[in-house]
Structure formats: C-alpha cells, structure tokens
Amino acid sequence: MRMTRYFIPTLREIPSDAQIVSHRLMLRAGMIKQAAAGIYSWMPLGLRVLQKIERIVHEEQIRAGHIPLLMPTLQPAGLWRESGRYDDYGEEMLRITDRHQRDLLYGPTNEELITDIFRGHVRSYRDLPLTLYHIQWKFRDEIRPRYGIMRGREFLMKDGYNFDVDKEAAIHSYNRHMVSYLRTYQRMGLQAIPMRADTGPIGGKYSHEFLVLADTGESEVFFDSAILDLQFEGRDIDYDSRGNCARLVDHWTSHYARTDETHDQDVFEETVPESRRRRSKGIEVGQIFYFSTKYSEPMGASVSNANGELVNVHMGSHGIGVSRLVGAIIEASHDERGIVWPSSVAPFQVGIVSAATGHAETEAVCNALYQELTGLGIETLYDDRTERAGAKFATMELIGLPWRITVGPRGLKTGQVELVRRKSGDSKQYATGEIVAALCYQLEAHN
Ligand code: ATP
Ligand code: MG
C-alpha cells in the first residue's frame with residue numbers, strides 16, 4: 001500500500017479521556033474513531049489488525065474441531081423469556097421494538113439463540129459432540145464504557161457453545177476450549193493466564209478467565225509466579241483425546257491463579273511459597289464456562305442417549321474478546337515511540353521509507369522494492385509522502401510495523417539500504433540486490 005493512496009487519519013491532539021496507553025496509541029495511529037460513547041468505527045489500519053486476530057481465532061477454533069456459523073446481532077425477546085434471562089439481564093441489554101411492536105434485543109451473548117438452533121435439529125447422541133461458534137458484534141450497555149475499545153458498548157466477540165450428551169463429554173469440551181484458547185493467545189504474542197473465575201449471570205460451576213497481566217487491567221488477580229514459566233510452544237495436541245487435553249489443562253491449572261472474585265487468601269498462603277505470591281492487575285481477554293443443563297432444561301434441548309432415554313444436553317459457552325485483544329496486545333507490546341506489533345497481527349509486515357523525497361534514484365529504488373515485495377505477497381506500506389524523513393520515521397514507529405526499510409541517497413552511494421527491526425531497534429545495511437532475501441529470511445525467522 002502506498003501511503004499517499006491510503007487512509008491513516010492520525011491524530012495529534014489526544015482527547016483527555018484517553019487514559020490508557022493503548023487507547024491513546026490507537027487514536028494517534030488512526031486505528032479507530034469514536035462514533036458515540038463506547039461505539040467505534042474501525043479505520044483501515046485498525047481493521048487490518050482486527051481481521052488478523054479474527055483469522056487466528058478462526059484457525060485455532062477449527063483446528064480444535066469447532067464449527068463456525070453466523071448468528072444475527074438482533075434477537076427475538078421471546079427466547080430470552082424462555083430462559084428467564086430477559087428480565088434478569090438488566091440495563092446492560094439494549095431492547096428494541098420493531099414497527100410491529102415486537103420486542104427485539106441487540107444480543108449481548110447467544111446462549112438462547114444457539115440453544116434454539118440446536119433443539120430444532122438435533123435429536124440423538126449420535127450427532128454429538130457438537131461445538132458451534134461465531135465471531136459477531138455484541139452490544140452491552142455498559143454503565144461506564146472506557147479505555148477505548150477495551151470496554152466498549154459495541155464490541156466484537158468470538159462466542160462458542162458446546163453440546164454434549166453427559167458431563168464427562170462436556171468437561172472434555174471445556175478442556176478443549178482451554179487448550180485452544182491458550183494456543184490462540186500465544187500466537188498473538190500474548191501470555192494469557194487461565195484463572196479460576198466466578199460464573200456471574202451465565203451460571204454454572206466451572207469457569208476460567210484468561211488474563212493478560214497489565215497495570216491498566218481492570219481485574220485484580222492473585223497467582224503463583226511459577227505459572228509465568230509455563231510455555232505452550234511446539235506442543236502437539238490431539239484434540240480428540242480426552243486424556244491429552246485433560247493433562248494439559250491440569251498442567252496449566254496446577255498453580256494457584258484466581259481473580260478477586262474467587263481468591264481465597266488462606267489457600268493462597270498455604271499453597272504458594274511467599275516469594276512466588278503475586279498480586280497484580282489483568283485484562284480479561286476470554287472466559288470459558290461449563291454450565292451443565294442450565295439452558296437446555298428450561299428450553300427443552302434434549303437428545304436420546306445410547307439407552308434410548310431422553311436427556312437434557314450438557315452445555316458450556318466460551319468467549320474471546322476479539323476487539324479487546326487489539327488493545328490488550330498494544331498494552332503488552334509498545335514503547336515510548338509507539339506500538340510494537342507482533343508480526344502475527346501486524347497490519348503490514350514492513351514499511352518502506354524514502355529518506356529523500358524528490359531524489360530520483362532514491363524513489364526509483366523505493367518503487368522497485370515496493371513492487372517486488374508486494375509481488376511476493378509481503379504486506380508492505382510504502383511511505384511515499386512528501387514529508388521530512390524524521391516525520392516519516394516517527395509515523396512508522398508509531399504504527400509499529402515489525403520491519404522498516406530505509407532508502408536514502410547516502411546509503412545508495414555505496415548501493416546500500418537499511419533494514420531496521422522495530423522491536424529491538426537493531427539495524428543493518430544490505431546491498432539493494434540482497435535486501436529482499438534478507439527481509440524474507442527475517443520474516444521467516446521471527447514468525
Ligand atoms: P467484563 O468482566 O470485562 O465485563 P464479561 O466477563 O462480562 O467481561 P464475557 O461475557 O466473559 O465478558 O465475554 C467474553 C469476553 O468478551 C470477555 O472475556 C472480554 O474479553 C470481552 N468483553 C466483554 N465485555 C466487553 C466490552 N464491554 N468491551 C470489549 N470486550 C468485552
Ligand atoms: Mg467474563
């Protein structure tokens with residue numbers, strides 16, 4: 001993409017209500033624009049990141065055997081009356097009446113709708129296990145939307161729902177979700193810790209929240225620091241194996257890690273050596289639940305089991321805060337100059353900066369490089385504006401692309417251009433004929 005043909009509405013003046021760094025950086029980098037309190041437009045650069053995150057979430061869900069579909073944002077109130085949540089949900093639910101005076105609502109979550117889909121079509125245990133999910137916008141009329149897209153009123157969520165014939169099978173679904181979530185966050189360069197959590201209005205006994213540690217997080221967390229050493233990388237997972245998934249979950253939940261809602265100071269002190277006790281803030285980027293027959297019972301979602309008996313299906317639900325993750329990744333990865341994107345979610349992999357606008361040879365080299373890189377399918381942002389070099393560098397640092405190639409008359413005298421890694425600031429000169437190969441090598445090595 002050529003910057004002169006793109007749209008990056010960067011901001012110089014940051015509104016004073018942008019309290020946390022991710023919100024400020026997203027505004028400065030022109031990733032989002034507020035439309036109303038807690039409601040945002042996603043500008044082109046922000047959308048690219050959001051879509052990268054979505055793609056990783058899809059890939060890991062499908063890998064775990066879960067099936068994507070798409071349910072609407074608007075739902076009929078009747079289904080929520082059946083489950084008893086229409087009145088329970090309270091003021092966070094946006095209620096709408098259509099021209100025929102029918103009650104609708106903008107979905108804050110989808111347990112009712114998915115249960116309705118299920119009960120209309122599935123009759124036998126032979127059709128189970130089944131996990132359906134979607135990535136769809138949600139609306140919750142949060143009393144205090146803040147921190148930009150981190151606590152929005154409209155936000156993008158991946159929500160999935162498992163249907164199983166009995167508790168053992170449902171626990172396997174729960175474990176599968178935990179493992180797939182850990183993989184998902186890790187691919188985005190995040191360490192998200194599963195913590196035992198309260199189930200809130202969703203209900204049920206089993207729940208874990210996934211938290212990214214950050215001073216700006218809204219949740220208070222208590223954990224054993226040994227959990228920070230757990231690594232997920234390179235694990236081969238057999239999602240069909242109950243034993244395999246259960247062992248991984250045991251491994252990841254063997255250390256004390258709880259949110260303030262479930263924290264027990266006595267247990268904390270008894271089971272964790274003092275030097276490893278940590279109290280911190282965290283950003284909730286996901287949560288999983290097993291709630292047994294809470295929805296299937298009132299809504300009549302049952303199947304015949306192997307003995308021919310009719311049983312209510314066991315369900316769970318599982319959510320990832322897709323749009324919140326954009327902010328969480330920035331909170332975890334930035335410096336004083338701007339965002340530092342992990343390459344897996346970066347809007348572009350590389351930026352080209354011409355350090356001397358109007359210098360014919362510099363521009364010719366930039367153009368050729370741009371053509372070659374885009375031809376190779378490498379996402380490239382070419383800053384071809386007539387700005388000072390310093391301003392271009394500042395923009396590149398702010399928007400945080402993993403690599404930058406700088407082309408200028410001084411280097412070209414000896415036929416060289418510069419490759420800079422955003423994360424470390426390391427830079428190296430390469431001959432113009434070698435830069436593309438060098439970049440490809442680095443992209444491969446740091447992926
Ligand atoms: P919170 O405690 O932060 O209000 P929640 O527990 O009510 O979140 P869930 O129902 O567990 O939210 O939703 C799944 C995920 O959706 C959360 O883990 C979070 O990452 C994301 N999420 C929830 N509310 C919001 C919001 N208002 N804005 C952005 N993301 C949100
Ligand atoms: Mg939650």
# chains A, B, ... in the order shown; residues from 1 in each chain; ligands from 1
call {"tool": "residues_near_ligand", "arguments": {"ligand": "ligand 1", "cutoff": "7 Å", "atoms": "only C-alpha atoms and all ligand atoms", "output": "number ranges by chain"}}
result
A: 140, 142, 145, 149-157, 209, 284-287, 319-324
call {"tool": "residues_around", "arguments": {"residues": "Ala364 (chain A)", "least_positions_apart": "2", "cutoff": "12 Å", "atoms": "only C-alpha atoms", "output": "PyMOL selection string"}}
result
chain A and resi 354+356-362+366-371+384+407-409+412+432
call {"tool": "residues_around", "arguments": {"residues": "region 60-69 of chain A", "least_positions_apart": "5", "cutoff": "7 Å", "atoms": "only C-alpha atoms", "output": "PyMOL selection string"}}
result
chain A and resi 131-134+176+180+184+239
call {"tool": "residues_around", "arguments": {"residues": "Val249 (chain A)", "least_positions_apart": "6", "cutoff": "12 Å", "atoms": "only C-alpha atoms", "output": "compact mmCIF listing (two decimals) with N, CA and C atoms, in the first residue's frame"}}
result
# COMPACT_ATOMS: atom_id res chain seq x y z
N ILE A 171 -17.04 -31.87 29.93
CA ILE A 171 -15.77 -31.44 30.54
C ILE A 171 -14.65 -31.53 29.49
N HIS A 172 -14.74 -32.55 28.64
CA HIS A 172 -13.74 -32.62 27.56
C HIS A 172 -13.85 -31.39 26.65
N SER A 173 -15.05 -30.96 26.36
CA SER A 173 -15.23 -29.75 25.54
C SER A 173 -14.64 -28.54 26.25
N TYR A 174 -14.86 -28.49 27.55
CA TYR A 174 -14.30 -27.39 28.34
C TYR A 174 -12.77 -27.38 28.23
N ASN A 175 -12.19 -28.56 28.39
CA ASN A 175 -10.73 -28.66 28.31
C ASN A 175 -10.21 -28.31 26.93
N ARG A 176 -10.93 -28.77 25.90
CA ARG A 176 -10.53 -28.47 24.52
C ARG A 176 -10.50 -26.96 24.30
N HIS A 177 -11.51 -26.29 24.87
CA HIS A 177 -11.54 -24.84 24.72
C HIS A 177 -10.37 -24.19 25.44
N MET A 178 -10.07 -24.67 26.64
CA MET A 178 -8.96 -24.05 27.35
C MET A 178 -7.67 -24.17 26.54
N VAL A 179 -7.44 -25.36 26.01
CA VAL A 179 -6.20 -25.58 25.25
C VAL A 179 -6.20 -24.71 23.99
N SER A 180 -7.31 -24.69 23.29
CA SER A 180 -7.33 -23.91 22.03
C SER A 180 -7.19 -22.42 22.32
N TYR A 181 -7.71 -21.96 23.45
CA TYR A 181 -7.56 -20.54 23.80
C TYR A 181 -6.09 -20.22 24.10
N LEU A 182 -5.45 -21.11 24.84
CA LEU A 182 -4.04 -20.85 25.17
C LEU A 182 -3.21 -20.74 23.90
N ILE A 193 -3.13 -15.92 31.18
CA ILE A 193 -3.13 -16.93 32.25
C ILE A 193 -4.57 -17.34 32.56
N PRO A 194 -4.84 -18.66 32.53
CA PRO A 194 -6.18 -19.10 32.93
C PRO A 194 -6.32 -19.00 34.45
N MET A 195 -7.37 -18.34 34.89
CA MET A 195 -7.59 -18.16 36.33
C MET A 195 -8.98 -18.61 36.69
N HIS A 208 -13.17 -20.49 33.88
CA HIS A 208 -11.85 -19.85 33.93
C HIS A 208 -11.89 -18.59 33.07
N LEU A 230 5.38 -21.30 32.39
CA LEU A 230 4.79 -22.32 31.53
C LEU A 230 4.84 -21.86 30.08
N PHE A 232 3.88 -22.79 26.00
CA PHE A 232 2.97 -23.62 25.22
C PHE A 232 3.57 -24.10 23.92
N ILE A 237 -1.04 -31.38 19.87
CA ILE A 237 -2.26 -31.62 20.65
C ILE A 237 -3.20 -32.53 19.87
N ARG A 242 -9.33 -37.26 25.19
CA ARG A 242 -9.73 -36.66 26.47
C ARG A 242 -8.54 -36.58 27.41
N GLY A 243 -7.72 -37.64 27.43
CA GLY A 243 -6.57 -37.69 28.32
C GLY A 243 -5.57 -36.61 28.00
N HIS A 255 -1.13 -24.51 39.24
CA HIS A 255 -0.65 -23.43 40.11
C HIS A 255 -1.82 -22.53 40.51
call {"tool": "residues_around", "arguments": {"residues": "Glu111 (chain A)", "least_positions_apart": "4", "cutoff": "12 Å", "atoms": "only C-alpha atoms", "output": "MDAnalysis selection string"}}
result
chainID A and resid 71 75 79:80 82:85 107 115:118 132:134 159:163 201:203 289 291 293:296 299 301 315:319
call {"tool": "write_last_selection", "arguments": {"atoms": "N, CA and C atoms", "output": "tab-separated table (two decimals), in the first residue's frame"}}
result
chain	number	residue	atom	x	y	z
A	71	MET	N	-24.65	-16.06	13.56
A	71	MET	CA	-25.98	-15.70	14.06
A	71	MET	C	-26.14	-14.18	13.99
A	75	GLN	N	-31.94	-10.24	18.16
A	75	GLN	CA	-32.56	-11.49	18.59
A	75	GLN	C	-33.99	-11.22	19.09
A	79	LEU	N	-37.16	-15.75	23.10
A	79	LEU	CA	-36.22	-16.79	23.52
A	79	LEU	C	-35.63	-16.49	24.89
A	80	TRP	N	-35.41	-15.22	25.14
A	80	TRP	CA	-34.83	-14.83	26.43
A	80	TRP	C	-35.88	-14.89	27.55
A	82	GLU	N	-38.01	-17.35	27.58
A	82	GLU	CA	-38.00	-18.80	27.88
A	82	GLU	C	-36.92	-19.16	28.88
A	83	SER	N	-35.74	-18.60	28.72
A	83	SER	CA	-34.65	-18.95	29.62
A	83	SER	C	-34.74	-18.19	30.94
A	84	GLY	N	-35.59	-17.18	30.97
A	84	GLY	CA	-35.74	-16.41	32.20
A	84	GLY	C	-34.74	-15.26	32.30
A	85	ARG	N	-33.94	-15.03	31.22
A	85	ARG	CA	-32.92	-14.00	31.35
A	85	ARG	C	-33.36	-12.62	30.85
A	107	GLY	N	-28.08	-8.57	20.74
A	107	GLY	CA	-27.51	-9.66	21.55
A	107	GLY	C	-26.27	-9.28	22.34
A	115	THR	N	-29.22	-22.35	21.47
A	115	THR	CA	-29.99	-23.48	22.01
A	115	THR	C	-31.24	-23.70	21.14
A	116	ASP	N	-31.80	-22.62	20.66
A	116	ASP	CA	-32.97	-22.72	19.78
A	116	ASP	C	-32.59	-23.40	18.45
A	117	ILE	N	-31.44	-23.06	17.92
A	117	ILE	CA	-30.99	-23.71	16.68
A	117	ILE	C	-30.79	-25.20	16.93
A	118	PHE	N	-30.16	-25.50	18.04
A	118	PHE	CA	-29.86	-26.89	18.36
A	118	PHE	C	-31.12	-27.73	18.53
A	132	LEU	N	-20.49	-25.22	18.16
A	132	LEU	CA	-20.71	-24.19	17.14
A	132	LEU	C	-20.24	-22.86	17.70
A	133	TYR	N	-19.66	-22.05	16.84
A	133	TYR	CA	-19.22	-20.73	17.32
A	133	TYR	C	-19.38	-19.70	16.23
A	134	HIS	N	-19.37	-18.44	16.62
A	134	HIS	CA	-19.29	-17.38	15.62
A	134	HIS	C	-18.48	-16.21	16.17
A	159	ASP	N	-17.86	-16.16	20.26
A	159	ASP	CA	-18.55	-16.94	21.28
A	159	ASP	C	-18.92	-18.30	20.72
A	160	GLY	N	-18.59	-19.31	21.53
A	160	GLY	CA	-18.82	-20.69	21.10
A	160	GLY	C	-19.62	-21.44	22.14
A	161	TYR	N	-20.32	-22.47	21.67
A	161	TYR	CA	-21.25	-23.21	22.52
A	161	TYR	C	-21.11	-24.70	22.25
A	162	ASN	N	-20.85	-25.47	23.31
A	162	ASN	CA	-20.73	-26.91	23.11
A	162	ASN	C	-21.98	-27.64	23.60
A	163	PHE	N	-22.31	-28.72	22.90
A	163	PHE	CA	-23.44	-29.58	23.25
A	163	PHE	C	-22.92	-30.99	23.41
A	201	PRO	N	-23.68	-14.01	35.61
A	201	PRO	CA	-25.04	-14.27	35.10
A	201	PRO	C	-25.13	-15.44	34.12
A	202	ILE	N	-23.99	-15.92	33.62
A	202	ILE	CA	-24.04	-17.07	32.70
A	202	ILE	C	-24.38	-18.35	33.48
A	203	GLY	N	-23.94	-18.42	34.72
A	203	GLY	CA	-24.28	-19.54	35.59
A	203	GLY	C	-23.32	-20.71	35.49
A	289	PHE	N	-16.93	-21.42	30.21
A	289	PHE	CA	-17.90	-21.88	31.21
A	289	PHE	C	-18.40	-23.30	30.88
A	291	PHE	N	-21.84	-25.05	32.11
A	291	PHE	CA	-22.98	-24.78	32.99
A	291	PHE	C	-24.03	-25.87	32.95
A	293	THR	N	-26.95	-28.17	32.48
A	293	THR	CA	-28.21	-28.13	31.71
A	293	THR	C	-28.99	-26.83	31.97
A	294	LYS	N	-28.28	-25.80	32.39
A	294	LYS	CA	-28.94	-24.53	32.76
A	294	LYS	C	-29.86	-23.98	31.66
A	295	TYR	N	-29.44	-24.08	30.41
A	295	TYR	CA	-30.30	-23.57	29.32
A	295	TYR	C	-31.09	-24.67	28.64
A	296	SER	N	-30.50	-25.87	28.57
A	296	SER	CA	-31.18	-26.95	27.85
A	296	SER	C	-32.46	-27.37	28.57
A	299	MET	N	-35.29	-24.69	28.13
A	299	MET	CA	-35.60	-24.50	26.72
A	299	MET	C	-35.86	-25.83	26.00
A	301	ALA	N	-33.94	-28.57	25.30
A	301	ALA	CA	-32.96	-29.08	24.32
A	301	ALA	C	-32.46	-30.43	24.82
A	315	MET	N	-24.18	-28.29	28.37
A	315	MET	CA	-23.64	-27.19	27.54
A	315	MET	C	-22.59	-26.39	28.28
A	316	GLY	N	-21.84	-25.66	27.48
A	316	GLY	CA	-20.90	-24.68	28.02
A	316	GLY	C	-20.82	-23.56	27.01
A	317	SER	N	-20.31	-22.41	27.44
A	317	SER	CA	-20.08	-21.35	26.46
A	317	SER	C	-18.72	-20.75	26.71
A	318	HIS	N	-18.19	-20.15	25.65
A	318	HIS	CA	-16.77	-19.80	25.62
A	318	HIS	C	-16.59	-18.54	24.81
A	319	GLY	N	-15.96	-17.54	25.41
A	319	GLY	CA	-15.86	-16.26	24.70
A	319	GLY	C	-14.44	-15.72	24.63
call {"tool": "residues_around", "arguments": {"residues": "Asn307 (chain A)", "least_positions_apart": "2", "cutoff": "12 Å", "atoms": "only C-alpha atoms", "output": "compact mmCIF listing (two decimals) with N, CA and C atoms, in the first residue's frame"}}
result
# COMPACT_ATOMS: atom_id res chain seq x y z
N SER A 124 -30.38 -36.85 18.59
CA SER A 124 -29.73 -38.08 19.07
C SER A 124 -28.30 -37.83 19.54
N TYR A 125 -27.87 -38.62 20.49
CA TYR A 125 -26.49 -38.54 20.98
C TYR A 125 -25.49 -38.80 19.85
N ARG A 126 -25.96 -39.47 18.79
CA ARG A 126 -25.05 -39.77 17.67
C ARG A 126 -24.58 -38.50 16.97
N VAL A 165 -23.47 -35.07 25.45
CA VAL A 165 -24.50 -35.97 25.98
C VAL A 165 -24.45 -36.11 27.50
N VAL A 303 -31.65 -34.82 23.88
CA VAL A 303 -31.35 -35.84 22.87
C VAL A 303 -31.60 -37.21 23.49
N SER A 304 -31.75 -38.23 22.65
CA SER A 304 -31.83 -39.58 23.20
C SER A 304 -30.41 -40.10 23.38
N ASN A 305 -30.17 -40.71 24.54
CA ASN A 305 -28.82 -41.23 24.77
C ASN A 305 -28.71 -42.67 24.27
N GLU A 309 -32.89 -43.21 26.31
CA GLU A 309 -33.56 -42.27 27.22
C GLU A 309 -33.36 -40.84 26.73
N LEU A 310 -34.38 -40.00 27.01
CA LEU A 310 -34.28 -38.59 26.62
C LEU A 310 -33.54 -37.82 27.72
N VAL A 311 -32.42 -37.19 27.37
CA VAL A 311 -31.67 -36.43 28.39
C VAL A 311 -31.42 -35.00 27.91
call {"tool": "residues_around", "arguments": {"residues": "Val353 (chain A)", "least_positions_apart": "4", "cutoff": "8 Å", "atoms": "only C-alpha atoms", "output": "list of chain:residue names"}}
result
A:Cys366, A:Tyr382, A:Asp383, A:Asp384, A:Ala389, A:Lys392, A:Phe393, A:Arg404, A:Ile405, A:Thr406, A:Val407
call {"tool": "select_by_dssp", "arguments": {"residues": "region 133-336 of chain A", "states": "alpha helix (DSSP H)", "output": "MDAnalysis selection string"}}
result
chainID A and resid 167:187 242:253 265:271 296:299 322:332
call {"tool": "write_last_selection", "arguments": {"atoms": "C-alpha atoms", "output": "mmCIF file, in the first residue's frame"}}
result
data_model
loop_
_atom_site.group_PDB
_atom_site.id
_atom_site.type_symbol
_atom_site.label_atom_id
_atom_site.label_comp_id
_atom_site.auth_asym_id
_atom_site.auth_seq_id
_atom_site.Cartn_x
_atom_site.Cartn_y
_atom_site.Cartn_z
ATOM 1 C CA LYS A 167 -20.934 -34.301 31.993
ATOM 2 C CA GLU A 168 -17.734 -36.181 31.081
ATOM 3 C CA ALA A 169 -18.089 -35.278 27.430
ATOM 4 C CA ALA A 170 -18.868 -31.662 28.350
ATOM 5 C CA ILE A 171 -15.771 -31.441 30.538
ATOM 6 C CA HIS A 172 -13.740 -32.625 27.560
ATOM 7 C CA SER A 173 -15.235 -29.749 25.545
ATOM 8 C CA TYR A 174 -14.298 -27.386 28.342
ATOM 9 C CA ASN A 175 -10.727 -28.661 28.313
ATOM 10 C CA ARG A 176 -10.527 -28.469 24.523
ATOM 11 C CA HIS A 177 -11.543 -24.837 24.718
ATOM 12 C CA MET A 178 -8.963 -24.047 27.348
ATOM 13 C CA VAL A 179 -6.201 -25.578 25.254
ATOM 14 C CA SER A 180 -7.334 -23.913 22.033
ATOM 15 C CA TYR A 181 -7.560 -20.538 23.796
ATOM 16 C CA LEU A 182 -4.035 -20.855 25.171
ATOM 17 C CA ARG A 183 -2.780 -21.584 21.672
ATOM 18 C CA THR A 184 -4.753 -18.653 20.277
ATOM 19 C CA TYR A 185 -3.314 -16.072 22.671
ATOM 20 C CA GLN A 186 0.164 -17.430 22.325
ATOM 21 C CA ARG A 187 0.027 -16.991 18.549
ATOM 22 C CA ARG A 242 -9.729 -36.660 26.475
ATOM 23 C CA GLY A 243 -6.572 -37.692 28.324
ATOM 24 C CA ASN A 244 -4.311 -35.479 26.278
ATOM 25 C CA CYS A 245 -6.438 -32.351 26.779
ATOM 26 C CA ALA A 246 -7.075 -33.086 30.458
ATOM 27 C CA ARG A 247 -3.348 -33.453 31.131
ATOM 28 C CA LEU A 248 -2.620 -30.115 29.508
ATOM 29 C CA VAL A 249 -5.384 -28.424 31.473
ATOM 30 C CA ASP A 250 -4.138 -29.989 34.720
ATOM 31 C CA HIS A 251 -0.679 -28.722 33.921
ATOM 32 C CA TRP A 252 -1.939 -25.188 33.278
ATOM 33 C CA THR A 253 -4.239 -25.052 36.279
ATOM 34 C CA GLN A 265 -6.161 -15.660 50.961
ATOM 35 C CA ASP A 266 -5.798 -18.672 53.293
ATOM 36 C CA VAL A 267 -5.419 -21.137 50.447
ATOM 37 C CA PHE A 268 -3.055 -18.726 48.685
ATOM 38 C CA GLU A 269 -0.777 -18.535 51.707
ATOM 39 C CA GLU A 270 -0.950 -22.256 52.443
ATOM 40 C CA THR A 271 -0.173 -23.438 48.931
ATOM 41 C CA SER A 296 -31.183 -26.948 27.846
ATOM 42 C CA GLU A 297 -33.619 -27.709 30.665
ATOM 43 C CA PRO A 298 -35.872 -24.625 30.509
ATOM 44 C CA MET A 299 -35.599 -24.501 26.718
ATOM 45 C CA VAL A 322 -11.672 -10.142 19.761
ATOM 46 C CA SER A 323 -11.810 -6.332 19.654
ATOM 47 C CA ARG A 324 -10.500 -6.002 23.223
ATOM 48 C CA LEU A 325 -7.497 -8.075 22.176
ATOM 49 C CA VAL A 326 -6.320 -5.268 19.887
ATOM 50 C CA GLY A 327 -5.959 -3.060 22.962
ATOM 51 C CA ALA A 328 -4.545 -5.835 25.136
ATOM 52 C CA ILE A 329 -1.816 -6.596 22.605
ATOM 53 C CA ILE A 330 -0.838 -2.917 22.494
ATOM 54 C CA GLU A 331 -0.798 -2.717 26.303
ATOM 55 C CA ALA A 332 1.575 -5.687 26.304
#
call {"tool": "atom_distance", "arguments": {"atom1": "CA of Ile435 (chain A)", "atom2": "CA of Glu372 (chain A)"}}
result
10.8 Å
call {"tool": "atom_distance", "arguments": {"atom1": "CA of Gly377 (chain A)", "atom2": "CA of Val57 (chain A)"}}
result
22.1 Å
call {"tool": "closest_residue", "arguments": {"among": "A:Ala29, A:Ile283, A:Leu47, A:Leu228", "to": "ligand 2", "atoms": "only C-alpha atoms and all ligand atoms"}}
result
A:Ile283
call {"tool": "closest_residue", "arguments": {"among": "A:His121, A:Arg410, A:His334, A:Lys138", "to": "Ser424 (chain A)", "atoms": "only C-alpha atoms"}}
result
A:His334
call {"tool": "closest_residue", "arguments": {"among": "A:Val221, A:Leu27, A:Val340, A:Ala197", "to": "ligand 2", "atoms": "only C-alpha atoms and all ligand atoms"}}
result
A:Ala197
call {"tool": "closest_residue", "arguments": {"among": "A:Glu218, A:Glu261, A:Asp164, A:Asp229", "to": "Gly282 (chain A)", "atoms": "only C-alpha atoms"}}
result
A:Glu218
call {"tool": "closest_residue", "arguments": {"among": "A:Ser254, A:Thr374, A:Ser219, A:Gln416", "to": "ligand 2", "atoms": "only C-alpha atoms and all ligand atoms"}}
result
A:Ser219
call {"tool": "closest_residue", "arguments": {"among": "A:Thr414, A:Gln51, A:Thr199, A:Thr109", "to": "ligand 2", "atoms": "only C-alpha atoms and all ligand atoms"}}
result
A:Thr199
call {"tool": "decode", "arguments": {"residues": "region 118-126 of chain A", "atoms": "all heavy atoms", "output": "mmCIF file, in the first residue's frame"}}
result
data_model
loop_
_atom_site.group_PDB
_atom_site.id
_atom_site.type_symbol
_atom_site.label_atom_id
_atom_site.label_comp_id
_atom_site.auth_asym_id
_atom_site.auth_seq_id
_atom_site.Cartn_x
_atom_site.Cartn_y
_atom_site.Cartn_z
ATOM 1 N N PHE A 118 -30.164 -25.498 18.044
ATOM 2 C CA PHE A 118 -29.859 -26.886 18.363
ATOM 3 C C PHE A 118 -31.124 -27.727 18.527
ATOM 4 O O PHE A 118 -31.263 -28.795 17.935
ATOM 5 C CB PHE A 118 -29.026 -26.936 19.655
ATOM 6 C CG PHE A 118 -28.679 -28.334 20.093
ATOM 7 C CD1 PHE A 118 -27.511 -28.934 19.649
ATOM 8 C CD2 PHE A 118 -29.516 -29.049 20.940
ATOM 9 C CE1 PHE A 118 -27.195 -30.220 20.040
ATOM 10 C CE2 PHE A 118 -29.212 -30.332 21.334
ATOM 11 C CZ PHE A 118 -28.047 -30.921 20.876
ATOM 12 N N ARG A 119 -32.063 -27.218 19.323
ATOM 13 C CA ARG A 119 -33.230 -28.050 19.653
ATOM 14 C C ARG A 119 -34.109 -28.302 18.440
ATOM 15 O O ARG A 119 -34.844 -29.281 18.397
ATOM 16 C CB ARG A 119 -34.042 -27.421 20.789
ATOM 17 C CG ARG A 119 -34.784 -26.155 20.375
ATOM 18 C CD ARG A 119 -35.563 -25.571 21.529
ATOM 19 N NE ARG A 119 -36.050 -24.244 21.147
ATOM 20 C CZ ARG A 119 -36.664 -23.408 21.960
ATOM 21 N NH1 ARG A 119 -36.879 -23.751 23.223
ATOM 22 N NH2 ARG A 119 -37.082 -22.232 21.543
ATOM 23 N N GLY A 120 -34.006 -27.425 17.459
ATOM 24 C CA GLY A 120 -34.816 -27.623 16.269
ATOM 25 C C GLY A 120 -34.292 -28.722 15.355
ATOM 26 O O GLY A 120 -34.998 -29.158 14.444
ATOM 27 N N HIS A 121 -33.066 -29.172 15.574
ATOM 28 C CA HIS A 121 -32.456 -30.068 14.594
ATOM 29 C C HIS A 121 -31.780 -31.312 15.143
ATOM 30 O O HIS A 121 -31.601 -32.273 14.417
ATOM 31 C CB HIS A 121 -31.428 -29.295 13.750
ATOM 32 C CG HIS A 121 -32.065 -28.191 12.983
ATOM 33 N ND1 HIS A 121 -32.735 -28.412 11.804
ATOM 34 C CD2 HIS A 121 -32.181 -26.873 13.259
ATOM 35 C CE1 HIS A 121 -33.226 -27.260 11.367
ATOM 36 N NE2 HIS A 121 -32.920 -26.322 12.232
ATOM 37 N N VAL A 122 -31.353 -31.278 16.394
ATOM 38 C CA VAL A 122 -30.558 -32.402 16.896
ATOM 39 C C VAL A 122 -31.393 -33.224 17.864
ATOM 40 O O VAL A 122 -31.992 -32.690 18.798
ATOM 41 C CB VAL A 122 -29.260 -31.902 17.579
ATOM 42 C CG1 VAL A 122 -28.407 -33.079 18.028
ATOM 43 C CG2 VAL A 122 -28.469 -31.015 16.613
ATOM 44 N N ARG A 123 -31.439 -34.534 17.592
ATOM 45 C CA ARG A 123 -32.309 -35.394 18.401
ATOM 46 C C ARG A 123 -31.555 -36.511 19.108
ATOM 47 O O ARG A 123 -32.056 -37.102 20.049
ATOM 48 C CB ARG A 123 -33.366 -36.062 17.492
ATOM 49 C CG ARG A 123 -34.282 -35.098 16.785
ATOM 50 C CD ARG A 123 -35.545 -34.852 17.615
ATOM 51 N NE ARG A 123 -36.423 -33.900 16.936
ATOM 52 C CZ ARG A 123 -36.358 -32.583 17.131
ATOM 53 N NH1 ARG A 123 -35.503 -32.072 17.977
ATOM 54 N NH2 ARG A 123 -37.171 -31.771 16.482
ATOM 55 N N SER A 124 -30.375 -36.850 18.594
ATOM 56 C CA SER A 124 -29.730 -38.080 19.071
ATOM 57 C C SER A 124 -28.300 -37.834 19.537
ATOM 58 O O SER A 124 -27.613 -36.935 19.024
ATOM 59 C CB SER A 124 -29.714 -39.098 17.926
ATOM 60 O OG SER A 124 -28.729 -40.075 18.159
ATOM 61 N N TYR A 125 -27.868 -38.623 20.490
ATOM 62 C CA TYR A 125 -26.485 -38.539 20.977
ATOM 63 C C TYR A 125 -25.495 -38.803 19.852
ATOM 64 O O TYR A 125 -24.338 -38.407 19.934
ATOM 65 C CB TYR A 125 -26.270 -39.538 22.126
ATOM 66 C CG TYR A 125 -26.195 -40.973 21.681
ATOM 67 C CD1 TYR A 125 -24.957 -41.603 21.516
ATOM 68 C CD2 TYR A 125 -27.348 -41.717 21.395
ATOM 69 C CE1 TYR A 125 -24.865 -42.917 21.085
ATOM 70 C CE2 TYR A 125 -27.271 -43.002 20.962
ATOM 71 C CZ TYR A 125 -26.033 -43.605 20.812
ATOM 72 O OH TYR A 125 -25.949 -44.894 20.372
ATOM 73 N N ARG A 126 -25.963 -39.472 18.791
ATOM 74 C CA ARG A 126 -25.052 -39.772 17.672
ATOM 75 C C ARG A 126 -24.576 -38.501 16.969
ATOM 76 O O ARG A 126 -23.539 -38.496 16.328
ATOM 77 C CB ARG A 126 -25.738 -40.669 16.641
ATOM 78 C CG ARG A 126 -25.883 -42.098 17.116
ATOM 79 C CD ARG A 126 -26.200 -43.039 15.969
ATOM 80 N NE ARG A 126 -26.626 -44.317 16.505
ATOM 81 C CZ ARG A 126 -27.852 -44.572 16.938
ATOM 82 N NH1 ARG A 126 -28.794 -43.649 16.840
ATOM 83 N NH2 ARG A 126 -28.153 -45.733 17.450
#
